[in-house]
Structure formats: C-alpha cells, structure tokens
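Text of run22.pdb, listed as PDB, C-alpha atoms:
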ATOM      1  CA  MET A   1     127.505-228.321 -11.263  1.00  0.00           C
ATOM      2  CA  PHE A   2     129.802-231.237 -12.023  1.00  0.00           C
ATOM      3  CA  ARG A   3     132.670-229.176 -13.437  1.00  0.00           C
ATOM      4  CA  ASN A   4     134.750-229.163 -10.260  1.00  0.00           C
ATOM      5  CA  TRP A   5     134.588-232.896  -9.504  1.00  0.00           C
ATOM      6  CA  ARG A   6     137.929-234.650  -9.682  1.00  0.00           C
ATOM      7  CA  ILE A   7     138.249-238.323 -10.591  1.00  0.00           C
ATOM      8  CA  GLY A   8     139.514-239.064  -7.068  1.00  0.00           C
ATOM      9  CA  SER A   9     136.346-237.545  -5.603  1.00  0.00           C
ATOM     10  CA  VAL A  10     134.108-239.663  -7.810  1.00  0.00           C
ATOM     11  CA  ASN A  11     136.197-242.767  -7.094  1.00  0.00           C
ATOM     12  CA  GLY A  12     135.997-242.160  -3.341  1.00  0.00           C
ATOM     13  CA  ALA A  13     132.252-241.595  -3.506  1.00  0.00           C
ATOM     14  CA  LEU A  14     131.762-244.872  -5.399  1.00  0.00           C
ATOM     15  CA  LEU A  15     133.914-246.718  -2.865  1.00  0.00           C
ATOM     16  CA  ALA A  16     131.909-245.215  -0.030  1.00  0.00           C
ATOM     17  CA  ALA A  17     128.712-246.288  -1.772  1.00  0.00           C
ATOM     18  CA  TYR A  18     129.957-249.895  -1.637  1.00  0.00           C
ATOM     19  CA  PHE A  19     131.757-250.038   1.705  1.00  0.00           C
ATOM     20  CA  ILE A  20     129.273-248.146   3.883  1.00  0.00           C
ATOM     21  CA  PRO A  21     126.326-250.543   3.461  1.00  0.00           C
ATOM     22  CA  ALA A  22     128.376-253.728   3.040  1.00  0.00           C
ATOM     23  CA  TRP A  23     130.661-253.267   6.032  1.00  0.00           C
ATOM     24  CA  THR A  24     127.902-251.792   8.216  1.00  0.00           C
ATOM     25  CA  MET A  25     125.750-254.893   7.760  1.00  0.00           C
ATOM     26  CA  VAL A  26     128.687-257.188   8.540  1.00  0.00           C
ATOM     27  CA  ALA A  27     129.655-255.166  11.616  1.00  0.00           C
ATOM     28  CA  PHE A  28     126.077-255.044  12.943  1.00  0.00           C
ATOM     29  CA  ASN A  29     125.702-258.809  12.456  1.00  0.00           C
ATOM     30  CA  ILE A  30     128.867-259.292  14.505  1.00  0.00           C
ATOM     31  CA  MET A  31     127.657-256.870  17.196  1.00  0.00           C
ATOM     32  CA  VAL A  32     124.247-258.524  17.527  1.00  0.00           C
ATOM     33  CA  ALA A  33     125.478-262.121  17.560  1.00  0.00           C
ATOM     34  CA  PRO A  34     129.295-262.194  17.704  1.00  0.00           C
ATOM     35  CA  VAL A  35     129.878-265.874  17.034  1.00  0.00           C
ATOM     36  CA  HIS A  36     127.162-266.231  14.403  1.00  0.00           C
ATOM     37  CA  GLY A  37     128.189-262.966  12.720  1.00  0.00           C
ATOM     38  CA  LEU A  38     131.847-263.959  12.727  1.00  0.00           C
ATOM     39  CA  TYR A  39     131.093-267.238  10.954  1.00  0.00           C
ATOM     40  CA  GLU A  40     129.256-265.575   8.049  1.00  0.00           C
ATOM     41  CA  ARG A  41     130.994-265.395   4.671  1.00  0.00           C
ATOM     42  CA  PRO A  42     132.709-261.960   4.966  1.00  0.00           C
ATOM     43  CA  SER A  43     134.366-262.898   8.266  1.00  0.00           C
ATOM     44  CA  VAL A  44     134.554-266.689   8.182  1.00  0.00           C
ATOM     45  CA  ALA A  45     138.267-266.702   7.345  1.00  0.00           C
ATOM     46  CA  VAL A  46     139.029-264.621  10.419  1.00  0.00           C
ATOM     47  CA  ALA A  47     136.896-266.931  12.574  1.00  0.00           C
ATOM     48  CA  LEU A  48     138.539-270.090  11.254  1.00  0.00           C
ATOM     49  CA  PHE A  49     142.011-268.600  11.622  1.00  0.00           C
ATOM     50  CA  LEU A  50     141.344-267.519  15.209  1.00  0.00           C
ATOM     51  CA  SER A  51     139.864-270.854  16.257  1.00  0.00           C
ATOM     52  CA  ASP A  52     142.153-273.206  14.292  1.00  0.00           C
ATOM     53  CA  GLN A  53     145.511-271.476  14.056  1.00  0.00           C
ATOM     54  CA  LEU A  54     145.539-269.378  17.235  1.00  0.00           C
ATOM     55  CA  GLN A  55     143.313-271.762  19.240  1.00  0.00           C
ATOM     56  CA  MET A  56     141.456-268.948  20.974  1.00  0.00           C
ATOM     57  CA  SER A  57     138.780-269.646  23.533  1.00  0.00           C
ATOM     58  CA  GLY A  58     135.143-268.672  22.982  1.00  0.00           C
ATOM     59  CA  LEU A  59     135.324-265.440  24.949  1.00  0.00           C
ATOM     60  CA  SER A  60     138.550-264.395  23.236  1.00  0.00           C
ATOM     61  CA  THR A  61     136.965-265.105  19.863  1.00  0.00           C
ATOM     62  CA  VAL A  62     134.005-262.904  20.789  1.00  0.00           C
ATOM     63  CA  ARG A  63     136.365-260.098  21.789  1.00  0.00           C
ATOM     64  CA  ALA A  64     138.269-260.443  18.518  1.00  0.00           C
ATOM     65  CA  ALA A  65     134.955-260.359  16.640  1.00  0.00           C
ATOM     66  CA  TRP A  66     133.963-257.144  18.386  1.00  0.00           C
ATOM     67  CA  LEU A  67     137.370-255.669  17.576  1.00  0.00           C
ATOM     68  CA  LEU A  68     136.864-256.582  13.915  1.00  0.00           C
ATOM     69  CA  ALA A  69     133.392-254.975  13.996  1.00  0.00           C
ATOM     70  CA  LEU A  70     134.877-251.848  15.581  1.00  0.00           C
ATOM     71  CA  GLY A  71     137.517-251.644  12.850  1.00  0.00           C
ATOM     72  CA  ARG A  72     134.907-252.015  10.130  1.00  0.00           C
ATOM     73  CA  MET A  73     132.682-249.375  11.718  1.00  0.00           C
ATOM     74  CA  THR A  74     135.668-247.021  11.945  1.00  0.00           C
ATOM     75  CA  VAL A  75     136.204-247.380   8.200  1.00  0.00           C
ATOM     76  CA  VAL A  76     132.481-246.784   7.611  1.00  0.00           C
ATOM     77  CA  ALA A  77     132.606-243.659   9.801  1.00  0.00           C
ATOM     78  CA  PHE A  78     135.545-242.204   7.866  1.00  0.00           C
ATOM     79  CA  PHE A  79     133.826-242.920   4.553  1.00  0.00           C
ATOM     80  CA  ALA A  80     130.710-241.135   5.889  1.00  0.00           C
ATOM     81  CA  ILE A  81     132.821-238.153   6.983  1.00  0.00           C
ATOM     82  CA  TYR A  82     134.384-238.110   3.529  1.00  0.00           C
ATOM     83  CA  LEU A  83     130.962-238.023   1.868  1.00  0.00           C
ATOM     84  CA  ALA A  84     129.818-235.236   4.195  1.00  0.00           C
ATOM     85  CA  LEU A  85     132.904-233.172   3.327  1.00  0.00           C
ATOM     86  CA  LEU A  86     132.528-233.987  -0.358  1.00  0.00           C
ATOM     87  CA  VAL A  87     129.168-232.234  -0.495  1.00  0.00           C
ATOM     88  CA  ILE A  88     130.797-228.852   0.269  1.00  0.00           C
ATOM     89  CA  PRO A  89     132.172-227.497  -3.053  1.00  0.00           C
ATOM     90  CA  ARG A  90     135.034-225.502  -1.518  1.00  0.00           C
ATOM     91  CA  THR A  91     136.231-228.547   0.410  1.00  0.00           C
ATOM     92  CA  ARG A  92     135.937-230.757  -2.653  1.00  0.00           C
ATOM     93  CA  ARG A  93     137.925-228.383  -4.887  1.00  0.00           C
ATOM     94  CA  SER A  94     140.722-227.878  -2.375  1.00  0.00           C
ATOM     95  CA  GLY A  95     141.029-231.581  -1.604  1.00  0.00           C
ATOM     96  CA  ALA A  96     140.424-231.121   2.121  1.00  0.00           C
ATOM     97  CA  SER A  97     138.178-234.183   2.202  1.00  0.00           C
ATOM     98  CA  ASP A  98     141.011-236.422   1.007  1.00  0.00           C
ATOM     99  CA  GLU A  99     142.343-236.855   4.542  1.00  0.00           C
ATOM    100  CA  ALA A 100     139.218-238.679   5.711  1.00  0.00           C
ATOM    101  CA  LEU A 101     139.313-240.812   2.565  1.00  0.00           C
ATOM    102  CA  GLY A 102     142.984-241.608   3.149  1.00  0.00           C
ATOM    103  CA  ILE A 103     142.321-242.776   6.707  1.00  0.00           C
ATOM    104  CA  ALA A 104     139.403-244.937   5.540  1.00  0.00           C
ATOM    105  CA  LEU A 105     141.569-246.428   2.783  1.00  0.00           C
ATOM    106  CA  ALA A 106     144.469-247.148   5.137  1.00  0.00           C
ATOM    107  CA  ILE A 107     142.418-248.855   7.851  1.00  0.00           C
ATOM    108  CA  GLY A 108     140.238-250.674   5.305  1.00  0.00           C
ATOM    109  CA  SER A 109     143.290-251.916   3.405  1.00  0.00           C
ATOM    110  CA  LEU A 110     144.836-253.182   6.625  1.00  0.00           C
ATOM    111  CA  ILE A 111     141.658-255.083   7.561  1.00  0.00           C
ATOM    112  CA  SER A 112     141.207-256.496   4.051  1.00  0.00           C
ATOM    113  CA  PHE A 113     144.860-257.531   3.779  1.00  0.00           C
ATOM    114  CA  ALA A 114     144.843-259.255   7.169  1.00  0.00           C
ATOM    115  CA  SER A 115     141.567-261.011   6.300  1.00  0.00           C
ATOM    116  CA  MET A 116     143.000-262.061   2.935  1.00  0.00           C
ATOM    117  CA  VAL A 117     146.094-263.551   4.572  1.00  0.00           C
ATOM    118  CA  MET A 118     143.933-265.380   7.102  1.00  0.00           C
ATOM    119  CA  ALA A 119     141.702-266.736   4.311  1.00  0.00           C
ATOM    120  CA  SER A 120     144.808-267.925   2.507  1.00  0.00           C
ATOM    121  CA  LYS A 121     146.072-269.726   5.617  1.00  0.00           C
ATOM    122  CA  VAL A 122     142.807-271.580   6.261  1.00  0.00           C
ATOM    123  CA  GLY A 123     142.065-272.335   2.594  1.00  0.00           C
ATOM    124  CA  GLU A 124     138.780-270.448   2.339  1.00  0.00           C
ATOM    125  CA  MET A 125     138.775-269.527  -1.369  1.00  0.00           C
ATOM    126  CA  ALA A 126     135.489-267.573  -1.510  1.00  0.00           C
ATOM    127  CA  ALA A 127     136.595-265.349   1.365  1.00  0.00           C
ATOM    128  CA  LEU A 128     140.039-264.992  -0.246  1.00  0.00           C
ATOM    129  CA  ARG A 129     138.461-263.694  -3.460  1.00  0.00           C
ATOM    130  CA  LEU A 130     136.214-261.289  -1.539  1.00  0.00           C
ATOM    131  CA  HIS A 131     139.029-259.810   0.529  1.00  0.00           C
ATOM    132  CA  ALA A 132     141.417-259.643  -2.429  1.00  0.00           C
ATOM    133  CA  THR A 133     138.796-257.752  -4.438  1.00  0.00           C
ATOM    134  CA  GLU A 134     138.162-255.318  -1.596  1.00  0.00           C
ATOM    135  CA  LEU A 135     141.894-254.820  -1.130  1.00  0.00           C
ATOM    136  CA  LEU A 136     142.385-254.084  -4.840  1.00  0.00           C
ATOM    137  CA  LEU A 137     139.522-251.573  -4.756  1.00  0.00           C
ATOM    138  CA  LEU A 138     141.056-249.800  -1.778  1.00  0.00           C
ATOM    139  CA  LEU A 139     144.598-249.813  -3.160  1.00  0.00           C
ATOM    140  CA  GLY A 140     143.414-248.541  -6.539  1.00  0.00           C
ATOM    141  CA  ALA A 141     141.646-245.634  -4.852  1.00  0.00           C
ATOM    142  CA  ALA A 142     144.770-244.917  -2.791  1.00  0.00           C
ATOM    143  CA  ILE A 143     146.871-244.760  -5.956  1.00  0.00           C
ATOM    144  CA  VAL A 144     144.425-242.354  -7.576  1.00  0.00           C
ATOM    145  CA  LEU A 145     144.411-240.262  -4.393  1.00  0.00           C
ATOM    146  CA  VAL A 146     148.214-240.051  -4.327  1.00  0.00           C
ATOM    147  CA  ILE A 147     148.691-239.324  -8.029  1.00  0.00           C
ATOM    148  CA  GLU A 148     145.879-236.814  -8.512  1.00  0.00           C
ATOM    149  CA  ARG A 149     146.577-233.712  -6.471  1.00  0.00           C
ATOM    150  CA  PRO A 150     144.011-230.910  -6.141  1.00  0.00           C
ATOM    151  CA  ASP A 151     144.539-227.662  -8.009  1.00  0.00           C
ATOM    152  CA  GLY A 152     146.632-225.263  -5.969  1.00  0.00           C
ATOM    153  CA  ALA A 153     146.123-221.566  -5.545  1.00  0.00           C
ATOM    154  CA  PRO A 154     147.763-219.353  -8.174  1.00  0.00           C
ATOM    155  CA  LYS A 155     151.345-218.572  -7.209  1.00  0.00           C
ATOM    156  CA  THR A 156     151.725-215.316  -9.146  1.00  0.00           C
ATOM    157  CA  VAL A 157     150.946-212.026  -7.466  1.00  0.00           C
ATOM    158  CA  ALA A 158     150.450-208.915  -9.553  1.00  0.00           C
ATOM    159  CA  ALA A 159     153.021-206.208  -8.861  1.00  0.00           C
ATOM    160  CA  PRO A 160     151.576-202.819  -7.917  1.00  0.00           C
ATOM    161  CA  ASP A 161     151.792-200.090 -10.526  1.00  0.00           C
ATOM    162  CA  THR A 162     154.513-197.753  -9.259  1.00  0.00           C
ATOM    163  CA  ALA A 163     153.452-194.897 -11.530  1.00  0.00           C
ATOM    164  CA  GLU A 164     150.241-194.439  -9.567  1.00  0.00           C
ATOM    165  CA  LEU A 165     151.978-194.216  -6.213  1.00  0.00           C
ATOM    166  CA  ALA A 166     153.231-190.862  -5.134  1.00  0.00           C
ATOM    167  CA  PHE A 167     156.456-190.555  -3.210  1.00  0.00           C
ATOM    168  CA  ASP A 168     154.705-189.404  -0.065  1.00  0.00           C
ATOM    169  CA  GLN A 169     152.235-192.348  -0.022  1.00  0.00           C
ATOM    170  CA  ALA A 170     153.241-195.380   1.973  1.00  0.00           C
ATOM    171  CA  GLU A 171     152.266-198.727   0.528  1.00  0.00           C
ATOM    172  CA  LEU A 172     150.632-200.389   3.503  1.00  0.00           C
ATOM    173  CA  LEU A 173     147.884-202.950   3.573  1.00  0.00           C
ATOM    174  CA  HIS A 174     145.240-200.506   4.778  1.00  0.00           C
ATOM    175  CA  ASN A 175     146.089-197.983   1.975  1.00  0.00           C
ATOM    176  CA  ARG A 176     145.204-200.289  -0.908  1.00  0.00           C
TER     177      ARG A 176
END
Can you turn what I pasted into structure tokens?
Amino acid sequence: MFRNWRIGSVNGALLAAYFIPAWTMVAFNIMVAPVHGLYERPSVAVALFLSDQLQMSGLSTVRAAWLLALGRMTVVAFFAIYLALLVIPRTRRSGASDEALGIALAIGSLISFASMVMASKVGEMAALRLHATELLLLLGAAIVLVIERPDGAPKTVAAPDTAELAFDQAELLHNR
C-alpha cells in the first residue's frame, strides 16, 4: 500500500497536518473577533506593525485582519485540496497533486515571510521565531517538491514485428 508514496507526498501531508488546524484556528479567531484575534500570538506582530508603523485606523486594521484571515484560509483550502488529491493513488504517483501543494507553499511562504519581517520591525521575538519556523518548514517542502520529480511514463515504444505483417496488410491503429 505504501510502495508508491514519494517523500514529497509524505512531507506535504505532514505539513498539511500542521497548517490546517493551526492556521484555521487563527483565521477563525480573527473572523469572530478581528481585533482580539489579531492581537493573539500568531498575529500580534502584524497587529503591532499595522498600528505602530503604518498608523492605521481601527476600521482599516479590522479590514487588514480579515485579509490576513482570508489569506490563511486560502492556504488551508489548498492544503485540504492537496490531501484530497493525495488519497487517489493515480494522482499521487503522477504528481498531479503537487500543483495544489505548490500554491499552498507559495502563499503560505509569502504570509509567513511578511509576518516575520513585521515581527522583526516591531521587536516581537516570540512571533519572529514562530514565523521563521513556519517559513523554514514551507521553504523546505518547496525544495523537496522542486528536486523530487514524479516518475515519468516509459519513453520507449516497442517496434512492431515486420515479419508478421504481410505486404497487403496496412498497419493502422484499428488493425492491431
């Protein structure tokens, strides 16, 4: 059963197992109470950066919080699509599920990198460590995804035996 699992598939599944519950809880906390959810540990650097550095008003901060929650939920959705495609053996072997994983990694890396830079600017060290760890997880999975390519279809085609063909037989697709 586990003979056709690639290391990239296992790595993506483990990442999805972390990011789906963690980022869903953060996004739902922001959706339910935008200001309170934005000032919790996973998003506090973004909140401090928006209020201190950009001097955004309360309503603009709420809109930015909802945008952050939407970005996190988009990453969660692509990880869920990846897991759904990973269950199908043909899709897993051909690497067709890697596109959903790549999109999740790209958007997640962008969010984690921006959050890490914001945590660095405001001096929030716990948030900086969290976002740097998430960014390293995502970049490591992206490297594995790029380096490990799925097995391709065999390129050799067997030549037909010409001794069996008579001169009056045409070699067409429907005659084989």
Excluding A:Phe78 and its own-chain neighbours fewer than 2 positions away, which residues fall within 7 Å of it when counting all atoms listed in the file? Please give them as a PyMOL selection string.
chain A and resi 74-76+80-82+100-101+103-104
Using the chain letters and numbers from the file, which residues does the PyMOL selection byres ((chain A and resi 43) around 10) grab, as a list in words?
Val26, Ala27, Ile30, Gly37, Leu38, Tyr39, Glu40, Arg41, Pro42, Val44, Ala45, Val46, Ala47, Leu48, Ala65, Leu68, Ala69, Ser115, Met118, Ala119, Ala127 and His131 of chain A
What is the distance, in Å and to one decimal place, between atom CA of A:Leu138 and atom CA of A:Leu105?
5.7 Å
Skip A:Arg149 itself and residues of its chain fewer than 5 positions away, then list as a short mmCIF file (atom, residue, chain, number, x, y, z; two decimals) with C-alpha atoms, in the coordinates of the input all residues within 9 Å of it, counting all atoms listed in the file.
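Contents of the output file out_12.cif:
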data_model
loop_
_atom_site.label_atom_id
_atom_site.label_comp_id
_atom_site.auth_asym_id
_atom_site.auth_seq_id
_atom_site.Cartn_x
_atom_site.Cartn_y
_atom_site.Cartn_z
CA GLY A 8 139.51 -239.06 -7.07
CA GLY A 95 141.03 -231.58 -1.60
CA VAL A 144 144.43 -242.35 -7.58
#
Rounded to one decimal in Å, what is the spacing between atom CA of A:Asn11 and atom CA of A:Gly140?
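Result for atom CA of A:Asn11 versus atom CA of A:Gly140: 9.3 Å, one decimal.
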